Amino acid sequence: MKQELEGKIAIVTGASRGIGRAIALNLAAAGANIVAVYQQNKTMVDELAQEIEPLGRVCLAVKADVAVEDEVNALVDQTMSQFGRVDILINNAGITKDGLIMRMKSEDWHNVLNVNLSGMFYATKAVTKPMFKQRSGKIVFVTSIIGTIGNAGQSNYSAAKAGVIGFMKSAAKEFASRGIQVNAVAPGFIDTDMTKKLPDDVKTAYMEQIPLKRFGRVEDVAEVVRFLSSEKADYITGQVIHVNGGLYM
Ligand code: NAP
């Protein structure tokens, strides 16, 4: 039986760890070949490739800083020379540099905006040429609950993630006539390196507010991303799907 994403080529940014890693594994299990983009953790991407290859899929590891446009263009060029097409782009790579506004260094503001927002613009722009030519494609952004509800100490991150939602909706409108669907997933509190660094009292406070009474698992997010990347989601575009245990509804 043909798999859901059989033969599809998927670029996943931030695939070395956390949510991006789970997305890469999930898409590969559904039949996709993966371009796993990382910034520093080559060993972790090599380990990911060792898990993907026994599934009969190719996993091409590419180092690129998503905040640098030339590196993002080179990554899409490399994908095209290896596979000749791009079917799926998962804009997932992200960072936090938390701080209260009155003390926030402009460097931390710009870093977070550059990686979380500009990085997603560069990658989206870079795949337009192949996807427009193919007249098909799926683009999924990983935004955040914080882009919708805000958070004290995360003004840079919430501005970037809210920006991603606006950008995603504009792209959905621009690309619809080309057969490309563009959507976002907004995770709540997911157990990854990004959230491990939060103090215990902050985690306890979050837990008390989550109706489903647990933190999310990376697979909870990856499942939704796989669905949005598949033909089953052909009539869905410009949407934000919240995966947050009911923390925001
Ligand atoms: P994570 O565990 O910290 O992993 C971040 C990933 O992004 C790593 O693969 C990292 O690569 C990559 N990365 C960081 N900066 C990069 C850059 N400049 N260029 C290329 N890759 C870069 O984070 P996560 O929790 O999985 O988060 C993934 C996404 O989900 C982010 O967009 C985040 O904002 C969003 N999100 C997370 C949560 C949560 O609770 N965890 C909630 C809402 C939204 P290296 O390993 O090579 O450094």
# chains A, B, ... in the order shown; residues from 1 in each chain; ligands from 1
>>> residues_around(residues="stretch 146-153 of chain A", least_positions_apart="4", cutoff="6 Å", atoms="only C-alpha atoms", output="PyMOL selection string")
chain A and resi 98-100+158+161-162
>>> residues_around(residues="stretch 29-36 of chain A", least_positions_apart="6", cutoff="9 Å", atoms="only C-alpha atoms", output="PyMOL selection string")
chain A and resi 2-16+20-21+45+48-49+52+55-63+75+79+226
>>> write_last_selection(atoms="N, CA, C and O atoms", output="short mmCIF file (atom, residue, chain, number, x, y, z; two decimals), in the first residue's frame")
data_model
loop_
_atom_site.label_atom_id
_atom_site.label_comp_id
_atom_site.auth_asym_id
_atom_site.auth_seq_id
_atom_site.Cartn_x
_atom_site.Cartn_y
_atom_site.Cartn_z
N LYS A 2 0.49 2.25 -0.80
CA LYS A 2 1.27 3.48 -0.91
C LYS A 2 1.19 4.25 0.42
O LYS A 2 0.10 4.40 0.99
N GLN A 3 2.36 4.72 0.86
CA GLN A 3 2.36 5.50 2.10
C GLN A 3 1.93 6.94 1.83
O GLN A 3 2.07 7.45 0.71
N GLU A 4 1.45 7.57 2.90
CA GLU A 4 0.89 8.92 2.82
C GLU A 4 1.82 9.93 2.12
O GLU A 4 1.39 10.75 1.33
N LEU A 5 3.13 9.86 2.45
CA LEU A 5 4.08 10.85 1.91
C LEU A 5 5.14 10.18 1.03
O LEU A 5 6.26 10.70 0.89
N GLU A 6 4.80 9.04 0.47
CA GLU A 6 5.72 8.26 -0.37
C GLU A 6 6.43 9.13 -1.41
O GLU A 6 5.77 9.82 -2.21
N GLY A 7 7.75 9.11 -1.37
CA GLY A 7 8.54 9.81 -2.39
C GLY A 7 8.61 11.33 -2.25
O GLY A 7 9.25 12.00 -3.05
N LYS A 8 7.94 11.88 -1.25
CA LYS A 8 7.96 13.34 -1.07
C LYS A 8 9.32 13.77 -0.51
O LYS A 8 9.96 13.02 0.23
N ILE A 9 9.72 15.00 -0.85
CA ILE A 9 10.96 15.56 -0.34
C ILE A 9 10.61 16.66 0.66
O ILE A 9 9.95 17.64 0.31
N ALA A 10 11.06 16.47 1.91
CA ALA A 10 10.68 17.41 2.97
C ALA A 10 11.91 18.05 3.59
O ALA A 10 12.83 17.36 4.05
N ILE A 11 11.93 19.38 3.59
CA ILE A 11 12.99 20.11 4.31
C ILE A 11 12.45 20.41 5.71
O ILE A 11 11.37 20.99 5.85
N VAL A 12 13.22 20.02 6.73
CA VAL A 12 12.82 20.30 8.12
C VAL A 12 13.94 21.10 8.77
O VAL A 12 15.06 20.59 8.95
N THR A 13 13.67 22.35 9.14
CA THR A 13 14.71 23.13 9.82
C THR A 13 14.67 22.82 11.32
O THR A 13 13.61 22.51 11.87
N GLY A 14 15.85 22.88 11.94
CA GLY A 14 15.92 22.56 13.38
C GLY A 14 15.62 21.09 13.63
O GLY A 14 14.95 20.73 14.59
N ALA A 15 16.15 20.22 12.75
CA ALA A 15 15.83 18.79 12.83
C ALA A 15 16.71 18.02 13.80
O ALA A 15 16.47 16.84 14.07
N SER A 16 17.73 18.67 14.35
CA SER A 16 18.68 17.94 15.21
C SER A 16 18.09 17.56 16.57
O SER A 16 18.52 16.58 17.18
N GLY A 20 11.59 19.45 15.97
CA GLY A 20 12.02 19.25 14.58
C GLY A 20 12.46 17.82 14.32
O GLY A 20 12.16 17.25 13.27
N ARG A 21 13.15 17.24 15.29
CA ARG A 21 13.61 15.85 15.17
C ARG A 21 12.40 14.91 15.06
O ARG A 21 12.36 14.01 14.22
N VAL A 45 22.23 15.06 14.23
CA VAL A 45 21.60 14.84 12.93
C VAL A 45 22.09 13.52 12.34
O VAL A 45 21.31 12.80 11.70
N LEU A 48 20.03 10.97 13.87
CA LEU A 48 18.70 11.00 13.27
C LEU A 48 18.72 10.23 11.94
O LEU A 48 17.84 9.41 11.66
N ALA A 49 19.76 10.48 11.14
CA ALA A 49 19.89 9.80 9.84
C ALA A 49 19.95 8.28 10.03
O ALA A 49 19.37 7.52 9.26
N ILE A 52 16.50 7.12 10.41
CA ILE A 52 15.64 7.28 9.22
C ILE A 52 16.01 6.29 8.12
O ILE A 52 15.12 5.72 7.47
N LEU A 55 14.39 2.95 7.55
CA LEU A 55 13.00 3.02 7.08
C LEU A 55 12.94 3.01 5.55
O LEU A 55 11.87 3.04 4.95
N GLY A 56 14.15 3.05 4.93
CA GLY A 56 14.21 3.05 3.47
C GLY A 56 14.14 4.44 2.88
O GLY A 56 13.87 4.62 1.70
N ARG A 57 14.38 5.44 3.72
CA ARG A 57 14.32 6.84 3.26
C ARG A 57 15.71 7.44 3.28
O ARG A 57 16.57 7.03 4.08
N VAL A 58 15.90 8.47 2.47
CA VAL A 58 17.17 9.20 2.48
C VAL A 58 17.06 10.32 3.50
O VAL A 58 16.02 10.96 3.62
N CYS A 59 18.14 10.54 4.26
CA CYS A 59 18.19 11.70 5.16
C CYS A 59 19.45 12.48 4.85
O CYS A 59 20.56 12.03 5.13
N LEU A 60 19.27 13.63 4.23
CA LEU A 60 20.41 14.49 3.87
C LEU A 60 20.58 15.54 4.96
O LEU A 60 19.66 16.35 5.19
N ALA A 61 21.73 15.51 5.64
CA ALA A 61 21.99 16.50 6.70
C ALA A 61 22.62 17.74 6.08
O ALA A 61 23.60 17.65 5.35
N VAL A 62 22.04 18.90 6.37
CA VAL A 62 22.60 20.15 5.82
C VAL A 62 22.75 21.16 6.94
O VAL A 62 21.81 21.44 7.69
N LYS A 63 23.97 21.70 7.03
CA LYS A 63 24.23 22.74 8.04
C LYS A 63 23.87 24.09 7.44
O LYS A 63 24.38 24.46 6.37
N LEU A 75 21.00 25.89 0.93
CA LEU A 75 20.38 24.65 1.40
C LEU A 75 19.29 24.19 0.42
O LEU A 75 19.18 23.00 0.10
N THR A 79 19.27 20.84 -1.96
CA THR A 79 18.11 19.93 -2.01
C THR A 79 17.73 19.67 -3.46
O THR A 79 17.45 18.54 -3.85
N ARG A 226 2.54 16.30 10.31
CA ARG A 226 2.45 15.27 9.25
C ARG A 226 1.12 15.39 8.51
O ARG A 226 1.05 15.38 7.29
#
>>> residues_near_ligand(ligand="ligand 1", cutoff="7 Å", atoms="only C-alpha atoms and all ligand atoms", output="PDB file with C-alpha atoms, in the first residue's frame")
ATOM      1  CA  THR A  13      14.712  23.134   9.822  1.00  0.00           C
ATOM      2  CA  GLY A  14      15.917  22.562  13.376  1.00  0.00           C
ATOM      3  CA  ALA A  15      15.825  18.785  12.828  1.00  0.00           C
ATOM      4  CA  SER A  16      18.677  17.936  15.207  1.00  0.00           C
ATOM      5  CA  ARG A  17      16.642  18.147  18.409  1.00  0.00           C
ATOM      6  CA  GLY A  18      13.228  18.469  20.013  1.00  0.00           C
ATOM      7  CA  ILE A  19      10.134  19.083  17.915  1.00  0.00           C
ATOM      8  CA  GLY A  20      12.019  19.250  14.584  1.00  0.00           C
ATOM      9  CA  VAL A  37      18.747  21.174   8.698  1.00  0.00           C
ATOM     10  CA  TYR A  38      20.840  21.925  11.768  1.00  0.00           C
ATOM     11  CA  GLN A  39      23.035  24.741  12.969  1.00  0.00           C
ATOM     12  CA  GLN A  40      25.547  23.161  15.366  1.00  0.00           C
ATOM     13  CA  ASN A  41      24.606  19.607  16.369  1.00  0.00           C
ATOM     14  CA  LYS A  42      25.970  17.493  13.514  1.00  0.00           C
ATOM     15  CA  ALA A  64      22.650  26.174   7.643  1.00  0.00           C
ATOM     16  CA  ASP A  65      21.974  29.131   9.869  1.00  0.00           C
ATOM     17  CA  VAL A  66      18.390  30.018   8.982  1.00  0.00           C
ATOM     18  CA  ALA A  67      19.082  33.646   9.912  1.00  0.00           C
ATOM     19  CA  ASN A  92      10.638  24.866  12.706  1.00  0.00           C
ATOM     20  CA  ALA A  93      14.054  26.207  13.843  1.00  0.00           C
ATOM     21  CA  GLY A  94      13.683  28.640  16.711  1.00  0.00           C
ATOM     22  CA  ILE A  95      15.407  30.112  19.743  1.00  0.00           C
ATOM     23  CA  VAL A 115      16.075  33.296  13.577  1.00  0.00           C
ATOM     24  CA  ASN A 116      12.365  32.864  14.362  1.00  0.00           C
ATOM     25  CA  VAL A 142       5.987  26.082  13.926  1.00  0.00           C
ATOM     26  CA  THR A 143       4.809  29.162  15.780  1.00  0.00           C
ATOM     27  CA  SER A 144       3.857  29.212  19.472  1.00  0.00           C
ATOM     28  CA  ILE A 145       1.002  29.795  21.885  1.00  0.00           C
ATOM     29  CA  ALA A 186       1.178  26.536  17.616  1.00  0.00           C
ATOM     30  CA  PRO A 187       2.523  24.324  20.400  1.00  0.00           C
ATOM     31  CA  GLY A 188       1.886  25.120  24.034  1.00  0.00           C
ATOM     32  CA  PHE A 189       4.361  23.787  26.581  1.00  0.00           C
ATOM     33  CA  ILE A 190       6.323  20.908  24.996  1.00  0.00           C
ATOM     34  CA  ASP A 191       9.025  18.971  26.816  1.00  0.00           C
ATOM     35  CA  THR A 192      12.273  19.833  24.918  1.00  0.00           C
ATOM     36  CA  ASP A 193      15.654  21.499  25.576  1.00  0.00           C
ATOM     37  CA  MET A 194      13.921  24.868  25.068  1.00  0.00           C
ATOM     38  CA  THR A 195      11.601  24.343  28.052  1.00  0.00           C
TER      39      THR A 195
END
>>> closest_residue(among="A:Ala222, A:Val68, A:Leu247, A:Ala171", to="A:Tyr122", atoms="only C-alpha atoms")
A:Val68
>>> closest_residue(among="A:Lys129, A:Leu25, A:Gly166, A:Gln78", to="A:Glu53", atoms="only C-alpha atoms")
A:Leu25
>>> select_by_dssp(residues="stretch 65-199 of chain A", states="helix (DSSP H, G or I)", output="ChimeraX atom specification")
/A:69-83,101-103,106-134,146-149,155-178,193-196
>>> atom_distance(atom1="atom CA of A:Glu69", atom2="atom CA of A:Thr124")
10.9 Å
>>> atom_distance(atom1="atom CA of A:Lys105", atom2="atom CA of A:Met207")
29.7 Å
>>> select_by_dssp(residues="stretch 5-215 of chain A", states="strand (DSSP E or B)", output="VMD selection string")
chain A and resid 9 to 13 33 to 38 59 to 63 88 to 91 99 137 to 142 154 180 to 187 190
>>> residues_around(residues="A:Gln209", least_positions_apart="6", cutoff="10 Å", atoms="only C-alpha atoms", output="number ranges by chain")
A: 245-248
>>> write_last_selection(atoms="all heavy atoms", output="compact mmCIF listing (two decimals), in the first residue's frame")
# COMPACT_ATOMS: atom_id res chain seq x y z
N GLY A 245 -2.88 21.22 24.94
CA GLY A 245 -3.55 20.60 26.10
C GLY A 245 -4.67 21.45 26.66
O GLY A 245 -5.11 21.25 27.80
N GLY A 246 -5.11 22.45 25.88
CA GLY A 246 -6.21 23.30 26.32
C GLY A 246 -5.75 24.56 27.05
O GLY A 246 -6.57 25.33 27.55
N LEU A 247 -4.44 24.78 27.10
CA LEU A 247 -3.89 25.95 27.82
C LEU A 247 -4.45 27.26 27.27
O LEU A 247 -4.69 28.21 28.01
CB LEU A 247 -2.35 25.92 27.72
CG LEU A 247 -1.55 27.02 28.39
CD1 LEU A 247 -1.85 27.10 29.88
CD2 LEU A 247 -0.05 26.80 28.19
N TYR A 248 -4.65 27.30 25.96
CA TYR A 248 -5.32 28.44 25.34
C TYR A 248 -6.39 27.88 24.42
O TYR A 248 -6.11 26.97 23.64
CB TYR A 248 -4.32 29.26 24.51
CG TYR A 248 -4.97 30.19 23.52
CD1 TYR A 248 -5.55 31.39 23.93
CD2 TYR A 248 -5.02 29.86 22.16
CE1 TYR A 248 -6.16 32.23 23.02
CE2 TYR A 248 -5.64 30.71 21.24
CZ TYR A 248 -6.21 31.88 21.68
OH TYR A 248 -6.81 32.70 20.77
